[in-house]
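Below is start-v1.cif, holding mmCIF, C-alpha atoms and all ligand atoms.
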data_upload
#
loop_
_atom_site.group_PDB
_atom_site.id
_atom_site.type_symbol
_atom_site.label_atom_id
_atom_site.label_comp_id
_atom_site.auth_asym_id
_atom_site.auth_seq_id
_atom_site.Cartn_x
_atom_site.Cartn_y
_atom_site.Cartn_z
ATOM 1 C CA MET H 1 10.239 59.646 -13.244
ATOM 2 C CA GLY H 2 9.165 63.224 -13.924
ATOM 3 C CA ALA H 3 5.988 62.233 -15.708
ATOM 4 C CA ASN H 4 4.447 61.314 -12.356
ATOM 5 C CA ASN H 5 4.193 65.000 -11.484
ATOM 6 C CA ASN H 6 1.722 65.433 -14.284
ATOM 7 C CA LEU H 7 -1.150 63.353 -12.975
ATOM 8 C CA SER H 8 -4.475 64.524 -14.351
ATOM 9 C CA VAL H 9 -7.742 63.605 -12.639
ATOM 10 C CA SER H 10 -9.074 61.694 -15.626
ATOM 11 C CA GLY H 11 -5.627 60.119 -16.000
ATOM 12 C CA ILE H 12 -5.796 58.785 -12.445
ATOM 13 C CA GLU H 13 -9.273 57.380 -13.086
ATOM 14 C CA ALA H 14 -8.063 55.751 -16.290
ATOM 15 C CA LEU H 15 -5.092 54.278 -14.450
ATOM 16 C CA GLN H 16 -7.415 52.811 -11.829
ATOM 17 C CA LYS H 17 -9.448 51.156 -14.599
ATOM 18 C CA LEU H 18 -6.300 49.480 -15.892
ATOM 19 C CA ILE H 19 -5.263 48.382 -12.396
ATOM 20 C CA ASP H 20 -8.749 46.950 -11.720
ATOM 21 C CA GLY H 21 -8.808 45.197 -15.104
ATOM 22 C CA ASN H 22 -5.367 43.713 -14.525
ATOM 23 C CA LYS H 23 -6.540 42.364 -11.146
ATOM 24 C CA ARG H 24 -9.477 40.675 -12.897
ATOM 25 C CA PHE H 25 -7.065 39.182 -15.452
ATOM 26 C CA MET H 26 -4.729 37.886 -12.736
ATOM 27 C CA THR H 27 -7.542 36.238 -10.817
ATOM 28 C CA GLY H 28 -9.412 34.960 -13.875
ATOM 29 C CA LYS H 29 -12.547 36.885 -12.925
ATOM 30 C CA LEU H 30 -12.992 38.614 -16.258
ATOM 31 C CA ALA H 31 -15.675 41.233 -16.818
ATOM 32 C CA LEU H 32 -18.508 40.548 -19.234
ATOM 33 C CA LYS H 33 -17.795 42.436 -22.435
ATOM 34 C CA ASP H 34 -20.336 43.658 -24.906
ATOM 35 C CA THR H 35 -18.894 42.936 -28.341
ATOM 36 C CA GLY H 36 -22.293 42.572 -29.991
ATOM 37 C CA GLY H 37 -23.812 44.386 -32.909
ATOM 38 C CA THR H 38 -25.305 47.229 -30.876
ATOM 39 C CA ARG H 39 -21.975 48.045 -29.264
ATOM 40 C CA ARG H 40 -20.160 47.760 -32.603
ATOM 41 C CA GLY H 41 -22.756 49.991 -34.181
ATOM 42 C CA ASN H 42 -22.270 52.631 -31.486
ATOM 43 C CA LEU H 43 -18.522 52.547 -32.067
ATOM 44 C CA VAL H 44 -19.045 53.351 -35.742
ATOM 45 C CA LYS H 45 -19.978 56.857 -34.595
ATOM 46 C CA GLY H 46 -16.534 57.287 -33.076
ATOM 47 C CA GLN H 47 -14.054 55.973 -30.564
ATOM 48 C CA LYS H 48 -13.147 57.358 -27.154
ATOM 49 C CA PRO H 49 -10.388 55.132 -25.779
ATOM 50 C CA PHE H 50 -9.479 55.960 -22.181
ATOM 51 C CA ALA H 51 -5.861 54.878 -22.480
ATOM 52 C CA VAL H 52 -3.039 54.646 -24.999
ATOM 53 C CA ILE H 53 -0.749 51.661 -24.527
ATOM 54 C CA ILE H 54 2.678 51.317 -26.134
ATOM 55 C CA ALA H 55 3.508 47.651 -25.727
ATOM 56 C CA CYS H 56 5.787 44.944 -27.105
ATOM 57 C CA SER H 57 4.520 42.946 -30.113
ATOM 58 C CA ASP H 58 5.230 39.745 -28.145
ATOM 59 C CA SER H 59 2.238 37.384 -28.439
ATOM 60 C CA ARG H 60 2.249 36.894 -24.663
ATOM 61 C CA VAL H 61 1.474 40.506 -23.795
ATOM 62 C CA PRO H 62 -1.826 41.555 -25.455
ATOM 63 C CA PRO H 63 -3.020 44.730 -23.642
ATOM 64 C CA GLU H 64 -6.763 44.118 -24.094
ATOM 65 C CA LEU H 65 -6.450 40.742 -22.347
ATOM 66 C CA ILE H 66 -3.949 41.834 -19.716
ATOM 67 C CA PHE H 67 -6.118 44.810 -18.715
ATOM 68 C CA ASP H 68 -9.425 43.013 -19.347
ATOM 69 C CA GLN H 69 -10.787 45.765 -21.566
ATOM 70 C CA ALA H 70 -13.275 45.726 -24.416
ATOM 71 C CA LEU H 71 -13.843 47.192 -27.872
ATOM 72 C CA GLY H 72 -13.096 50.908 -28.048
ATOM 73 C CA ASP H 73 -11.307 51.063 -24.676
ATOM 74 C CA LEU H 74 -7.624 50.999 -25.555
ATOM 75 C CA PHE H 75 -5.631 52.694 -28.316
ATOM 76 C CA ILE H 76 -2.588 50.508 -28.824
ATOM 77 C CA VAL H 77 0.805 50.797 -30.493
ATOM 78 C CA ARG H 78 2.856 47.617 -30.487
ATOM 79 C CA THR H 79 6.423 47.192 -31.699
ATOM 80 C CA ALA H 80 9.039 44.578 -30.856
ATOM 81 C CA GLY H 81 10.716 45.851 -27.685
ATOM 82 C CA ASN H 82 8.136 48.657 -27.255
ATOM 83 C CA VAL H 83 10.428 51.129 -28.973
ATOM 84 C CA VAL H 84 8.989 54.116 -30.821
ATOM 85 C CA ASP H 85 9.792 55.815 -34.100
ATOM 86 C CA PRO H 86 8.087 58.865 -35.641
ATOM 87 C CA ILE H 87 5.163 56.780 -36.887
ATOM 88 C CA ALA H 88 4.582 55.312 -33.434
ATOM 89 C CA VAL H 89 4.929 58.721 -31.756
ATOM 90 C CA GLY H 90 2.519 60.164 -34.317
ATOM 91 C CA SER H 91 0.007 57.459 -33.442
ATOM 92 C CA VAL H 92 0.242 58.408 -29.756
ATOM 93 C CA GLU H 93 -0.050 62.107 -30.633
ATOM 94 C CA TYR H 94 -3.207 61.358 -32.586
ATOM 95 C CA ALA H 95 -4.791 59.527 -29.666
ATOM 96 C CA VAL H 96 -3.871 62.318 -27.253
ATOM 97 C CA GLU H 97 -4.696 65.333 -29.366
ATOM 98 C CA HIS H 98 -7.564 64.051 -31.468
ATOM 99 C CA LEU H 99 -9.206 61.378 -29.319
ATOM 100 C CA LEU H 100 -8.318 63.073 -26.001
ATOM 101 C CA ALA H 101 -7.186 59.865 -24.319
ATOM 102 C CA PRO H 102 -6.170 60.949 -20.790
ATOM 103 C CA LEU H 103 -3.597 58.232 -20.067
ATOM 104 C CA VAL H 104 -0.509 57.001 -21.932
ATOM 105 C CA VAL H 105 1.286 53.880 -20.694
ATOM 106 C CA VAL H 106 4.565 52.453 -21.966
ATOM 107 C CA MET H 107 4.418 48.786 -21.021
ATOM 108 C CA GLY H 108 7.498 46.603 -21.253
ATOM 109 C CA HIS H 109 7.624 43.027 -19.974
ATOM 110 C CA ASP H 110 10.022 40.519 -18.464
ATOM 111 C CA TYR H 111 11.733 37.871 -20.624
ATOM 112 C CA CYS H 112 11.536 40.241 -23.626
ATOM 113 C CA GLY H 113 13.093 38.557 -26.662
ATOM 114 C CA ALA H 114 13.878 41.841 -28.404
ATOM 115 C CA VAL H 115 15.813 43.134 -25.395
ATOM 116 C CA LYS H 116 17.591 39.783 -25.003
ATOM 117 C CA ALA H 117 18.660 39.919 -28.660
ATOM 118 C CA ALA H 118 20.050 43.421 -28.156
ATOM 119 C CA VAL H 119 21.934 42.369 -25.010
ATOM 120 C CA ASP H 120 23.336 39.223 -26.627
ATOM 121 C CA GLY H 121 24.447 41.161 -29.709
ATOM 122 C CA GLY H 122 25.372 39.681 -33.048
ATOM 123 C CA GLU H 123 24.113 40.304 -36.525
ATOM 124 C CA ALA H 124 20.417 40.968 -36.991
ATOM 125 C CA PRO H 125 19.170 40.778 -40.561
ATOM 126 C CA GLY H 126 17.055 43.375 -42.343
ATOM 127 C CA SER H 127 15.147 45.991 -40.427
ATOM 128 C CA ILE H 128 15.474 44.047 -37.162
ATOM 129 C CA ASN H 129 18.745 45.966 -36.827
ATOM 130 C CA THR H 130 16.800 49.208 -36.549
ATOM 131 C CA ILE H 131 15.042 47.824 -33.480
ATOM 132 C CA ILE H 132 18.283 46.521 -31.962
ATOM 133 C CA ALA H 133 19.998 49.879 -32.531
ATOM 134 C CA LYS H 134 17.133 51.630 -30.764
ATOM 135 C CA LEU H 135 17.511 49.303 -27.772
ATOM 136 C CA MET H 136 21.314 49.622 -27.518
ATOM 137 C CA PRO H 137 21.532 52.794 -25.367
ATOM 138 C CA SER H 138 19.406 51.059 -22.732
ATOM 139 C CA VAL H 139 21.540 47.926 -22.995
ATOM 140 C CA GLU H 140 24.709 49.991 -22.518
ATOM 141 C CA LYS H 141 23.229 51.710 -19.457
ATOM 142 C CA ALA H 142 22.301 48.356 -17.954
ATOM 143 C CA LYS H 143 25.731 46.872 -18.701
ATOM 144 C CA ALA H 144 27.401 49.852 -17.004
ATOM 145 C CA THR H 145 25.894 48.727 -13.686
ATOM 146 C CA GLY H 146 27.885 45.497 -13.867
ATOM 147 C CA ALA H 147 24.733 43.369 -13.959
ATOM 148 C CA THR H 148 24.983 40.006 -15.701
ATOM 149 C CA GLY H 149 22.753 37.137 -16.830
ATOM 150 C CA HIS H 150 19.008 37.490 -16.415
ATOM 151 C CA ASP H 151 19.421 40.590 -14.224
ATOM 152 C CA LEU H 152 21.077 42.337 -17.147
ATOM 153 C CA TYR H 153 18.165 41.545 -19.476
ATOM 154 C CA GLU H 154 15.637 42.879 -16.980
ATOM 155 C CA LEU H 155 17.667 45.983 -16.178
ATOM 156 C CA ALA H 156 17.977 46.757 -19.896
ATOM 157 C CA THR H 157 14.210 46.247 -20.215
ATOM 158 C CA ASP H 158 13.579 48.701 -17.379
ATOM 159 C CA GLU H 159 15.927 51.262 -18.939
ATOM 160 C CA ASN H 160 14.178 50.849 -22.277
ATOM 161 C CA ILE H 161 10.757 51.531 -20.736
ATOM 162 C CA LYS H 162 12.166 54.756 -19.256
ATOM 163 C CA LYS H 163 13.733 55.693 -22.585
ATOM 164 C CA THR H 164 10.484 55.271 -24.493
ATOM 165 C CA VAL H 165 8.686 57.406 -21.890
ATOM 166 C CA GLU H 166 11.375 60.073 -22.338
ATOM 167 C CA GLU H 167 11.078 59.966 -26.112
ATOM 168 C CA LEU H 168 7.335 60.497 -25.876
ATOM 169 C CA GLN H 169 7.962 63.486 -23.587
ATOM 170 C CA GLU H 170 10.054 65.013 -26.375
ATOM 171 C CA SER H 171 7.019 65.228 -28.656
ATOM 172 C CA PRO H 172 5.835 68.868 -28.579
ATOM 173 C CA ILE H 173 2.200 67.723 -28.658
ATOM 174 C CA ILE H 174 2.590 65.236 -25.805
ATOM 175 C CA LYS H 175 4.716 67.745 -23.860
ATOM 176 C CA HIS H 176 1.974 70.349 -24.256
ATOM 177 C CA PHE H 177 -0.693 67.973 -22.938
ATOM 178 C CA LEU H 178 1.561 66.899 -20.046
ATOM 179 C CA GLU H 179 2.274 70.485 -19.038
ATOM 180 C CA GLY H 180 -1.427 71.299 -19.168
ATOM 181 C CA LYS H 181 -2.075 68.256 -16.937
ATOM 182 C CA LYS H 182 -4.405 66.933 -19.604
ATOM 183 C CA ILE H 183 -2.704 63.554 -19.744
ATOM 184 C CA THR H 184 -0.826 61.203 -17.486
ATOM 185 C CA LEU H 185 2.229 59.375 -18.872
ATOM 186 C CA LYS H 186 3.504 56.291 -17.075
ATOM 187 C CA GLY H 187 5.967 53.463 -17.516
ATOM 188 C CA ALA H 188 4.885 49.942 -16.567
ATOM 189 C CA LYS H 189 6.181 46.388 -16.663
ATOM 190 C CA TYR H 190 4.194 43.221 -17.212
ATOM 191 C CA PHE H 191 5.325 39.954 -15.623
ATOM 192 C CA LEU H 192 4.593 36.906 -17.762
ATOM 193 C CA LYS H 193 4.134 34.351 -15.003
ATOM 194 C CA THR H 194 2.071 36.294 -12.467
ATOM 195 C CA GLY H 195 0.181 38.322 -15.058
ATOM 196 C CA GLU H 196 0.751 41.454 -13.003
ATOM 197 C CA VAL H 197 1.407 44.887 -14.448
ATOM 198 C CA VAL H 198 3.555 46.988 -12.122
ATOM 199 C CA PHE H 199 3.347 50.720 -12.792
ATOM 200 C CA ASP H 200 6.273 53.088 -12.152
HETATM 201 ZN ZN ZN O 301 9.116 41.913 -25.798
#

Translate this file's structure into structure tokens.
Amino acid sequence: MGANNNLSVSGIEALQKLIDGNKRFMTGKLALKDTGGTRRGNLVKGQKPFAVIIACSDSRVPPELIFDQALGDLFIVRTAGNVVDPIAVGSVEYAVEHLLAPLVVVMGHDYCGAVKAAVDGGEAPGSINTIIAKLMPSVEKAKATGATGHDLYELATDENIKKTVEELQESPIIKHFLEGKKITLKGAKYFLKTGEVVFD
């Protein structure tokens, strides 16, 4: 996807940190993390997260654990199905413009319940419908390929990751930072069983 043409140096370094952390997570060799009073006290003065992660709310995909990162490292927006609305986009804009985070990652995952619900259809009560409606264009795209069963769920998930990346690119603030090569924007998918995050 087009965002890959906008790799910034600090964005590449940040990406490598996530890749290294994910390797530690996969192999169970977690880094020691300072969560003590001194570290917390230093963070009172301000935060400087090196990456923004837009992830699914699913309890199985917590970014700090998956990327083996500590306090103050990641700025995270989580919604069911990793879809974004103006509040979510505004949160990303804040992290990019105000905190100068050099990397933004949209991370979907396999076996996503939100995507499955959108594919399977039916009535969703309350505001869940807003999420389903947001996922539907990706579901339609996936269905158009003729895919069925589990393949269809995963294809819709992949389309939805791309769509969220595209929606972030539509933000004038994020667009400005991308064009200035100040940030890197990437899609990624987490696999529940292996624990691996595969970046686009
Ligand atoms: Zn999910």

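Residues in contact with ligand ZN 301 (chain O) (atom pairs separated by at most 6 Å; only C-alpha atoms and all ligand atoms) are Cys56, Asp58, Ala80, Gly81, Cys112, Gly113 and Ala114 of chain H.
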
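In this comparison, which uses only C-alpha atoms, the residue of H:Lys33, H:Ile87, H:Gly21, H:Val96 approaching H:Phe177 most closely is H:Val96.
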
Taking a cut-off of 10 Å and counting all atoms listed in the file, can you build a table that, for each residue of stretch 57-122 of chain H near stretch 129-133 of chain H, reports the nearest atom pair and how far apart they are in Å (one decimal), sorted by chain then residue number, as a Markdown table?
| residue | atom | partner | partner_atom | distance |
| --- | --- | --- | --- | --- |
| H:Thr79 | CA | H:Ile131 | CA | 8.8 |
| H:Ala80 | CA | H:Ile131 | CA | 7.3 |
| H:Gly81 | CA | H:Ile131 | CA | 7.5 |
| H:Asn82 | CA | H:Ile131 | CA | 9.3 |
| H:Val83 | CA | H:Ile131 | CA | 7.2 |
| H:Val84 | CA | H:Ile131 | CA | 9.1 |
| H:Asp85 | CA | H:Ile131 | CA | 9.6 |
| H:Ala114 | CA | H:Ile132 | CA | 7.3 |
| H:Val115 | CA | H:Ile132 | CA | 7.8 |
| H:Lys116 | CA | H:Ile132 | CA | 9.7 |
| H:Ala117 | CA | H:Ile132 | CA | 7.4 |
| H:Ala118 | CA | H:Ile132 | CA | 5.2 |
| H:Val119 | CA | H:Ile132 | CA | 8.9 |
| H:Gly121 | CA | H:Ile132 | CA | 8.5 |
| H:Gly122 | CA | H:Asn129 | CA | 9.9 |

Enclosing box along x, y and z for every listed atom of stretch 10-24 of chain H, padded 3 Å each side, centre and size in Å, one decimal, as AutoDock Vina command-line options:
--center_x -7.3 --center_y 51.2 --center_z -13.7 --size_x 10.4 --size_y 27.0 --size_z 11.1

Fill in: Target residues per the PyMOL selection byres (((chain H and resi 189) around 10) and not hetatm), formatted as a list in words
Ala55, Val105, Val106, Met107, Gly108, His109, Asp110, Thr157, Asp158, Ile161, Gly187, Ala188, Tyr190, Phe191, Leu192, Glu196, Val197, Val198, Phe199 and Asp200 of chain H

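Interatomic distance, atom CA of H:Val52 to atom CA of H:Asp20: 16.4 Å.
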
Worksheet item: Written as a count of residues only, which residues does the PyMOL selection byres (((chain H and resi 34) around 12) and not hetatm) give for the file shown?
Response: 17

Practice prompt. Could you state which residues are captured by the PyMOL selection byres (((chain H and resi 183) around 8) and not hetatm) in this file, as JSON, numbers by chain?
Written response: {"H": [6, 7, 8, 10, 11, 96, 101, 102, 103, 104, 177, 178, 180, 181, 182, 184, 185]}

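Between H:His176 and the residues H:Ala14, H:Arg24, H:Glu97, H:Arg60, the shortest atom-to-atom distance, using only C-alpha atoms, involves H:Glu97.
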
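Atom CA of H:Glu159 sits 21.7 Å away from atom CA of H:Ser59.
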
Worksheet, complete the sentence: Between atom CA of H:Val165 and atom CA of H:Glu93 lies a distance of 13.2 Å

Discussion item. Using only C-alpha atoms - which residues lie no farther than 8 Å from the point (1.9, 52.9, -30.4) in the file's frame? Write them as a ChimeraX atom specification.
Written reply: /H:52-55,75-79,84,88-89,91-92
